[in-house]
$ cat work-v1.txt   # compact mmCIF, C-alpha atoms
# COMPACT_ATOMS: atom_id res chain seq x y z
CA MET A 1 7.77 -14.34 3.84
CA THR A 2 10.94 -12.51 4.85
CA LYS A 3 10.27 -9.15 6.45
CA PRO A 4 12.59 -6.35 5.28
CA GLY A 5 15.01 -4.66 7.61
CA TRP A 6 17.18 -7.52 8.79
CA ARG A 7 19.92 -7.42 6.17
CA GLN A 8 18.36 -10.00 3.96
CA PRO A 9 17.94 -8.17 0.64
CA ALA A 10 14.16 -7.93 0.69
CA CYS A 11 13.92 -6.51 -2.80
CA LYS A 12 15.98 -9.34 -4.30
CA ALA A 13 14.06 -11.97 -2.32
CA LEU A 14 10.77 -10.54 -3.51
CA LEU A 15 11.94 -10.58 -7.11
CA VAL A 16 12.99 -14.23 -6.82
CA VAL A 17 9.65 -15.15 -5.21
CA GLY A 18 7.87 -13.14 -7.89
CA GLY A 19 9.73 -15.00 -10.61
CA LEU A 20 8.91 -18.38 -9.07
CA VAL A 21 5.25 -17.50 -8.56
CA THR A 22 4.95 -16.04 -12.05
CA GLY A 23 6.58 -19.08 -13.59
CA SER A 24 4.24 -21.45 -11.81
CA LEU A 25 1.16 -19.30 -12.47
CA ALA A 26 1.84 -18.81 -16.17
CA GLY A 27 0.98 -22.39 -17.15
CA THR A 28 -2.04 -22.51 -14.89
CA ALA A 29 -3.25 -19.11 -16.13
CA ALA A 30 -3.08 -20.21 -19.74
CA GLN A 31 -5.05 -23.38 -18.97
CA ALA A 32 -7.71 -21.75 -16.78
CA GLY A 33 -8.21 -18.57 -18.81
CA TRP A 34 -7.39 -16.16 -16.01
CA SER A 35 -4.59 -13.60 -15.83
CA ALA A 36 -1.43 -13.53 -13.78
CA GLY A 37 1.48 -11.18 -13.69
CA VAL A 38 4.24 -9.29 -11.95
CA THR A 39 5.15 -5.63 -12.07
CA VAL A 40 8.16 -4.04 -10.39
CA GLU A 41 8.55 -0.28 -10.07
CA PRO A 42 11.74 1.21 -8.57
CA GLU A 43 10.21 4.67 -8.01
CA VAL A 44 8.39 4.79 -4.68
CA THR A 45 7.27 7.60 -2.38
CA VAL A 46 6.54 7.59 1.34
CA ALA A 47 2.93 8.41 0.44
CA GLN A 48 2.67 4.98 -1.22
CA VAL A 49 3.74 3.39 2.05
CA GLY A 50 1.31 5.60 3.96
CA LEU A 51 3.85 7.05 6.38
CA PRO A 52 5.62 10.40 6.62
CA ALA A 53 9.32 10.76 5.87
CA TYR A 54 11.51 11.02 8.95
CA PRO A 55 12.87 14.60 9.14
CA GLY A 56 16.37 14.80 7.69
CA ALA A 57 16.56 11.13 6.70
CA GLN A 58 18.17 10.16 3.42
CA ARG A 59 17.36 7.27 1.10
CA PHE A 60 19.77 4.42 1.82
CA ARG A 61 21.36 2.32 -0.88
CA ASP A 62 23.11 -0.88 0.18
CA PRO A 63 26.79 -1.11 -0.78
CA ASP A 64 25.93 -4.28 -2.77
CA GLY A 65 23.78 -2.12 -5.07
CA ASP A 66 20.36 -3.18 -3.76
CA ASP A 67 17.92 -0.39 -4.63
CA SER A 68 16.51 1.81 -1.88
CA ALA A 69 12.90 1.31 -3.02
CA VAL A 70 10.56 -1.09 -4.79
CA ASP A 71 6.86 -1.40 -5.56
CA LEU A 72 6.25 -5.08 -6.35
CA LYS A 73 2.86 -6.37 -7.47
CA LEU A 74 2.11 -10.07 -7.99
CA TRP A 75 -1.30 -11.33 -9.02
CA GLY A 76 -2.99 -14.42 -10.31
CA GLY A 77 -6.73 -14.91 -10.57
CA SER A 78 -8.32 -13.67 -7.35
CA LEU A 79 -4.99 -13.64 -5.45
CA GLY A 80 -2.77 -10.60 -5.26
CA LEU A 81 0.19 -9.28 -3.32
CA ARG A 82 1.66 -5.78 -3.30
CA VAL A 83 4.78 -4.86 -1.36
CA VAL A 84 5.97 -1.25 -1.30
CA ALA A 85 9.32 -0.80 0.45
CA LEU A 86 11.71 2.08 1.10
CA LYS A 87 15.10 2.14 2.84
CA TYR A 88 16.34 5.18 4.74
CA ALA A 89 19.20 6.25 7.01
CA SER A 90 19.37 8.94 9.69
CA ARG A 91 22.00 10.37 12.03
CA ASP A 92 19.40 10.52 14.84
CA SER A 93 19.27 7.83 17.51
CA LEU A 94 17.43 4.55 17.12
CA PRO A 95 14.97 5.42 19.95
CA GLN A 96 14.16 8.78 18.27
CA VAL A 97 13.43 7.16 14.89
CA ALA A 98 11.42 4.34 16.49
CA ALA A 99 9.35 6.82 18.56
CA PHE A 100 8.59 8.91 15.46
CA TYR A 101 7.31 5.88 13.55
CA ARG A 102 5.45 4.44 16.55
CA GLN A 103 3.45 7.69 16.59
CA ALA A 104 3.01 7.70 12.78
CA LEU A 105 1.81 4.08 12.78
CA ALA A 106 -0.71 4.84 15.55
CA ARG A 107 -2.76 6.76 12.96
CA LEU A 108 -3.28 3.43 11.17
CA GLY A 109 -4.57 1.58 14.23
CA PRO A 110 -3.10 -0.27 17.21
CA VAL A 111 0.69 -0.58 16.94
CA LEU A 112 2.33 -3.92 17.65
CA ASP A 113 5.90 -3.86 18.93
CA CYS A 114 7.45 -7.07 17.58
CA THR A 115 10.91 -6.24 18.92
CA ALA A 116 12.75 -9.12 20.57
CA GLY A 117 11.79 -9.20 24.25
CA SER A 118 8.68 -7.04 23.81
CA ALA A 119 5.63 -8.00 25.84
CA GLN A 120 3.56 -7.60 22.66
CA ARG A 121 5.39 -10.36 20.76
CA SER A 122 2.60 -12.81 21.59
CA SER A 123 -0.21 -10.29 20.95
CA ARG A 124 -2.73 -10.30 18.12
CA THR A 125 -4.86 -7.29 17.17
CA ALA A 126 -8.60 -7.47 16.56
CA THR A 127 -7.79 -7.28 12.82
CA GLY A 128 -5.58 -10.39 12.96
CA LEU A 129 -2.16 -8.71 12.88
CA SER A 130 0.47 -10.53 14.96
CA CYS A 131 4.21 -10.85 15.52
CA GLN A 132 4.13 -14.65 15.27
CA ASP A 133 6.37 -14.95 12.20
CA ASP A 134 8.68 -12.02 12.98
CA HIS A 135 12.14 -12.58 14.44
CA PRO A 136 14.11 -9.32 14.52
CA GLU A 137 17.68 -9.44 15.79
CA PRO A 138 18.45 -8.12 19.27
CA GLY A 139 18.89 -4.33 19.17
CA HIS A 140 16.54 -3.96 16.20
CA VAL A 141 13.04 -2.52 16.50
CA LEU A 142 10.08 -3.91 14.53
CA LEU A 143 6.75 -2.08 14.61
CA LYS A 144 3.58 -2.79 12.64
CA ALA A 145 0.01 -1.59 12.31
CA GLY A 146 -3.00 -2.42 10.17
CA SER A 147 -4.47 -5.85 9.56
CA ALA A 148 -3.10 -9.22 8.54
CA SER A 149 -4.00 -8.47 4.91
CA GLN A 150 -3.04 -4.76 4.86
CA GLN A 151 -0.14 -4.02 7.13
CA THR A 152 2.45 -1.29 7.43
CA VAL A 153 5.78 -2.33 8.94
CA VAL A 154 8.74 -0.28 10.16
CA GLY A 155 12.07 -1.96 10.91
CA VAL A 156 14.76 0.15 12.62
CA GLU A 157 18.33 -1.02 13.16
CA PRO A 158 21.74 0.41 14.02
CA GLY A 159 24.00 0.96 11.02
CA PRO A 160 27.70 0.06 11.06
CA ASP A 161 28.70 3.69 10.43
CA GLY A 162 26.88 5.22 13.40
CA THR A 163 23.71 5.88 11.44
CA VAL A 164 20.31 4.36 12.04
CA ARG A 165 18.82 2.49 9.11
CA PHE A 166 15.14 1.87 8.72
CA ASP A 167 12.77 0.24 6.27
CA LEU A 168 9.22 1.40 5.64
CA VAL A 169 7.03 -1.34 4.14
CA ARG A 170 3.38 -1.61 3.12
CA ILE A 171 2.04 -5.11 2.43
CA GLU A 172 -1.36 -5.61 0.81
CA ALA A 173 -2.66 -9.12 0.22
CA ARG A 174 -5.84 -10.02 -1.63
CA GLY A 175 -7.32 -13.50 -1.28
CA PHE A 176 -4.89 -14.77 1.37
CA THR A 177 -3.03 -13.69 4.50
CA PRO A 178 0.76 -13.34 4.19
$ encode --input "work-v1.txt" --output "structure tokens"
Amino acid sequence: MTKPGWRQPACKALLVVGGLVTGSLAGTAAQAGWSAGVTVEPEVTVAQVGLPAYPGAQRFRDPDGDDSAVDLKLWGGSLGLRVVALKYASRDSLPQVAAFYRQALARLGPVLDCTAGSAQRSSRTATGLSCQDDHPEPGHVLLKAGSASQQTVVGVEPGPDGTVRFDLVRIEARGFTP
């Protein structure tokens, strides 16, 4: 699964995955008598992600029109996936934004720093959260807390216009580990 924050349009990728999963689940669901579905909501709050808003930050909308928020739910039988994502921009420095969210994430449990070159890149928390599948670009910060099935992720990167852009993401998986 692509993690948001590294200029791959996460919202679009999730919609494509959702469409593929829904298409493949629809036939199976009809045959087995269980339900499957997808819902996409463009209205999202920081409370849904479980993190505070960075002071003075503004919602960021990509120039290509990608929305600044999405609440995507996919389910089929006993499996489910929910991804809540928000994009923001700030005029503060990257270290300031990263430090703010490192502290905010600490309220959710041990914080993993999955940034390239971090000593924690090979770590795994007691709840199974790891950086194994994360590959942020140099100069970008990737922080996460929670468990393998319920994680909160913050990606912070320099913007081309002198701003700092950051994504706040909550991933909840039921019946599997993303």
$ closest_residue --input "work-v1.txt" --among "A:Ala126, A:Ala99, A:Ala47, A:Ile171" --to "Leu143 (chain A)" --atoms "only C-alpha atoms"
A:Ala99
$ closest_residue --input "work-v1.txt" --among "A:Glu172, A:Asp67, A:Glu43, A:Asp133" --to "Leu79 (chain A)" --atoms "only C-alpha atoms"
A:Glu172
$ residues_around --input "work-v1.txt" --residues "Gln151 (chain A)" --least-positions-apart "4" --cutoff "10 Å" --atoms "all atoms listed in the file" --output "JSON, numbers by chain"
{"A": [49, 83, 108, 129, 144, 145, 146, 147, 169, 170, 171, 172, 173, 178]}
$ atom_distance --input "work-v1.txt" --atom1 "CA of Leu168 (chain A)" --atom2 "CA of Val154 (chain A)"
4.8 Å
$ atom_distance --input "work-v1.txt" --atom1 "CA of Cys131 (chain A)" --atom2 "CA of Ala57 (chain A)"
26.7 Å
$ closest_residue --input "work-v1.txt" --among "A:Glu41, A:Thr125, A:Gln58, A:Pro52" --to "Gln103 (chain A)" --atoms "all atoms listed in the file"
A:Pro52
$ closest_residue --input "work-v1.txt" --among "A:Asp71, A:Ser130, A:Phe60, A:Gly76" --to "Ser35 (chain A)" --atoms "all atoms listed in the file"
A:Gly76
$ residues_around --input "work-v1.txt" --residues "Ala98 (chain A)" --least-positions-apart "5" --cutoff "10 Å" --atoms "only C-alpha atoms" --output "list in words"
Ser93, Gln103, Ala104, His140, Val141, Leu142, Leu143, Val154, Gly155, Val156, Glu157, Val164 and Phe166 of chain A
$ write_last_selection --input "work-v1.txt" --atoms "C-alpha atoms" --output "compact mmCIF listing (two decimals), keeping the file's coordinate frame"
# COMPACT_ATOMS: atom_id res chain seq x y z
CA SER A 93 19.27 7.83 17.51
CA GLN A 103 3.45 7.69 16.59
CA ALA A 104 3.01 7.70 12.78
CA HIS A 140 16.54 -3.96 16.20
CA VAL A 141 13.04 -2.52 16.50
CA LEU A 142 10.08 -3.91 14.53
CA LEU A 143 6.75 -2.08 14.61
CA VAL A 154 8.74 -0.28 10.16
CA GLY A 155 12.07 -1.96 10.91
CA VAL A 156 14.76 0.15 12.62
CA GLU A 157 18.33 -1.02 13.16
CA VAL A 164 20.31 4.36 12.04
CA PHE A 166 15.14 1.87 8.72
$ atom_distance --input "work-v1.txt" --atom1 "CA of Phe176 (chain A)" --atom2 "CA of Gln132 (chain A)"
16.6 Å
